[in-house]
Every structure is written in C-alpha cells, then in structure tokens.
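K.L.:
One structure, pasted below without further comment.
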Amino acid sequence: MGAIRSSLAEGLQGKYVAPGDKSVSHRALMLSALCIGRSRISGLLEGEDVLATAAAMRAMGADIRQLGPGEWEVHGVGVGGLGQPDAPVDMGNSGTAARLLMGLVATHPISVTFEGDASLCSRPMGRVITPLEASGAQFEAADGNRLPLTVRGAAAPLAMDYDVPVPSAQVKSAVLLAGLNTPGTTKVHEREATRDHSENMLRAMGADLVVTEADDGGRDIALTGPAELEAMDIVVPGDPSSAAFLVVAALITPGSQLTICNVGMNPLRTGLFEALRDMGAQIEETNVREEGGEPVADLIVRYNVLRGVTVPAGRAPSMIDEYPILAMAAAVAEGETLMEGLAELRVKESDRLSAIAEGLAANGVIVEEGEDWLKVTGGPVPGGGMVATHMDHRIAMSFLILGCVADSPVSIDEDAMIATSFPAFMDMMQQAGALFEGVEA
Ligand code: S3P
C-alpha cells in the first residue's frame, strides 16, 4: 500500500472475470436482510464498501455470513424488523452504503449514527435528508449536512412523493427503501433514468412496485408499503464499472487483447461502451445471457486507434462512474474529446472533474476544465507526473492505466482505496502485463 508507479507496458493479454457489481452487492445485502427467511447471494463483491454494508446490517440484527469466496447467506429480520445498533455504524468510503441505509433507518423506530472516512465526510447528504425528513425522520448532521450524522427514524412514517432534482440512483433508492416500511404509496419521479437495480431486486422479491415512463422522458416509480419481501437466491453480475478499466486498458495499449467475462450489461450502466464505440472501439460481446435478472456478456477487446468525440450530457447517468477512465482513453485518442453534463462528478469520492484535470495536466496532457465539462486533447502521453488520488479508487485505477501507454511512468500517491471496489485490480492488471511498482511517495 502506498504510492505506485506504472510504466509503459507491452500488450496486455488474458482472460479475466469481472468482480461482482458494487451497486447490486450493496442492494443484495440490504434487501435480503429485510426478507423473512434465508437468502443466498453468489458473486458478491467482497470490497471494503460492501463489507461496510454487511457490518451495518449485522449491527441492526441480520444474520449475514460468508460461506465461501463470493458466496454468502443472509437470514433477514423482515421489513420493520431492524434493531437498534449498539454503536455508530462506519460506512468507510461508501456513499451508496450511507445514503441507502439512511433511507432504511428513516422509517424504522431506531436511532443510528453514521460515520465515514474523510472522503465520505466531505460528501453532501442534504440530497437524502431533504426527502427523508418528509417521512417524519429527524436528522442531526455535521456542518453542511455531512457525516457524521444521526438519523432518528419515524415511528409512524408518512409516504413520500419526491421529484428527484439531481440524476441520482442513490437518492431514488433511499426514498424507495424508506417506503418499504411505510404504509401507503411512496412515489418517486426521476427526470433522467438512473440505474434501476433497486427496482429490479425489489420486484423480484415480491414488492408492489410499478415503474412507468414519464412524459418528460424520465420515470415514475410507485412502491406500496408496508412491503413483505420474500427471501431468494441472488446472482450478482460482474461490475461494468470495474470491467471498464480492463476494457480501456486493452483499447489503448498497443498489442493488447483481453477477454473480460461476466460483465453486467444493464443498459442504464453501459454508456461508456457506447462512448468508446463512438470513438471507434471494437468491443465484441459474446455469450450474451441473463443472470439474476440482469443482462450479462463476455467482452473481447483488442487494441485499436481511437478518435475524439463529444460525449453528450444525456449519457452521463449511464456512465457516471466511468468518466475518469474515459478521460484516459481521450488522452490517447486522436483529436479532442468533449464531455458534457459532469456536475455530479464534483461530489463523488473526490471532486473527480478537477482530480482528472490535474492528473492529466501533471502528465503533460492538454486538458481544459469547465464548471461541468471537460475537454481533453489526445495524442502521445508524456507522463512523468505524480497524481493526487484524493482517496478516490477510480482516479487511482485510471491513472495506473494511463501509465501503461505513457512515455515516462505515471505515479499515483496511494493505491489503498482500490480495495473499496476492485480488490483484485492490481494482481489482475499485473498478470495481464501491466508494470506496477511501489515507490516512495
Ligand atoms: C450508485 C449510484 C451512483 C454511482 C455510485 C453508485 C448506486 O451515485 O456514482 O457509484 O449504487 O446507486 P449517484 O446516485 O450519487 O449518482
């Protein structure tokens, strides 16, 4: 753990399995903990973020145990059955864990204090506090509506009707999860469709949840509670947001061919692959199938020359976590790439817009940063810079991949956060042929 230098690699080769989807893994643990009976989860991501969710659900009474690698068993407490934890729950680096659990706690008669690391304590929670207060829950937060914060759940929760002002699956899910233990119909309107894993899993567990296309092109979701959720077997697909790093690594490193198996292809998650195809990428989808209610494919990706494009704002919700790695592809592509509609990047694990721009500039790439856009001029990458990752796993992985094609090595100040979402990343990339070595920071 520490600073890492990534040097020019020859082609990357091999066949790898994408790690379990982080979003689906969080939801699998939370929702199975609310079922009555025993659920089995396979393919669970055992990254630090997801383990924080498991610990919090255990602290609120669920029986959660690991049976083997990726194989987990959960005995739930039933909707309404969450118990008072003895101590504050530590959400580590995970915004998803914190925000979704705030939703669950808001409509249980318990009081829970949420803590997190420095990155999570700097992220805005007002976006979930505002809607959840309408349920009757009370919040006591640090300045600026940040963690640490305490939620006092409502004993007699009221159904919410919320028009989500920012495209956020976390806000949408927090409100829906609060609706599970609320009598009546909780309604959520989202102006742009965001990942729908919560809706899919809730429906599969038997919740009365209806999704309709809204006139403005968004979606209306109606959940009638209190819900009774049926325990089930959940198969977690591979994470397209993690596969993204291998896909771009293969596309930009001359002489590469990588096969990445079991990649979740939910259309609300695959905007990056569309953007890369617009740039001229050949990404072959094979063995297309459905697993656990989600489309899944194996991807075969070879090196090919990319050209700059404009990535429209409307695509942002379907690739919100993929801009750091797309920016690396843009740095190598011929011509300019303009990415628009990136305001949400400023409130991720770091301010990703400036973290990307600073990291690229430190490595000799021409880049322009606007309030909510980024323009990258591609070409040969000089490299030679040290990148500040700001405790952000995706910034760390992205710049290690840029190092595979830069003239001089690219360094990152810290690799520890990679374990939050993709613990096998370093080993997988090195096995594929990436040249990573520890350095004094
Ligand atoms: C997530 C939603 C997205 C995404 C995050 C995971 C989820 O956040 O960036 O990594 O699992 O719901 P927002 O909802 O804040 O956009």
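If you're wondering about the labels, chains in the structure tokens are A, B, ... by order shown, residues count from 1 in each chain, ligands from 1 in order shown.
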Residues up to 10 Å from ligand 1, counting only C-alpha atoms and all ligand atoms: could you list those as an NGL selection string?
P.N.:
:A and (21-27 or 94-97 or 99-100 or 123-124 or 127 or 166-174 or 194-198 or 241 or 269 or 316-322 or 344-345 or 347-349 or 394 or 421)
K.L.:
Among range 82-136 of chain A, which residues carry a DSSP assignment of strand (DSSP E or B), reported as a PyMOL selection string?
P.N.:
chain A and resi 89-90+111-115
K.L.:
Which one of A:Thr310, A:Thr224, A:Ser39, A:Ser354 sits closest to Glu369 in chain A if you count only C-alpha atoms?
P.N.:
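Using only C-alpha atoms, Glu369 in chain A sits closest to A:Ser354.
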K.L.:
Report as a ChimeraX atom specification all protein, DNA and RNA residues lying within 12 Å of range 424-434 of chain A, evaluated on only C-alpha atoms, omitting residues in the same chain fewer than 5 positions from it.
P.N.:
/A:1,4-20,45-47,242-250,253-260,393-394,396-398,400-405,409,415-419
K.L.:
Using only C-alpha atoms, which of A:Ala159, A:Met279, A:Ala313, A:Ala54 sits nearest Leu223 in chain A?
P.N.:
A:Ala159
K.L.:
Need to verify the contact set: Tyr162 in chain A, 7 Å, only C-alpha atoms, exclusion of same-chain residues closer than 4 positions in sequence. Can you return it as an MDAnalysis selection string?
P.N.:
chainID A and resid 131 187:189
K.L.:
Can you list, as a PyMOL selection string, every protein, DNA or RNA residue that comes within 8 Å of Phe114 in chain A when you count only C-alpha atoms, leaving out same-chain residues fewer than 5 positions away?
P.N.:
chain A and resi 88-91+98+147-150
K.L.:
Just list as a VMD selection string whatever in range 30-75 of chain A DSSP marks as alpha helix (DSSP H).
P.N.:
chain A and resid 30 to 32 48 to 59
K.L.:
Considering only C-alpha atoms, can you say which of A:Cys121, A:Met265, A:Ala33, A:Ile300 comes closest to Ala59 in chain A?
P.N.:
A:Ala33
K.L.:
Distance CA of Leu229 in chain A-CA of Ala62 in chain A, one decimal place?
P.N.:
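Between CA of Leu229 in chain A and CA of Ala62 in chain A the gap works out to 14.2 Å.
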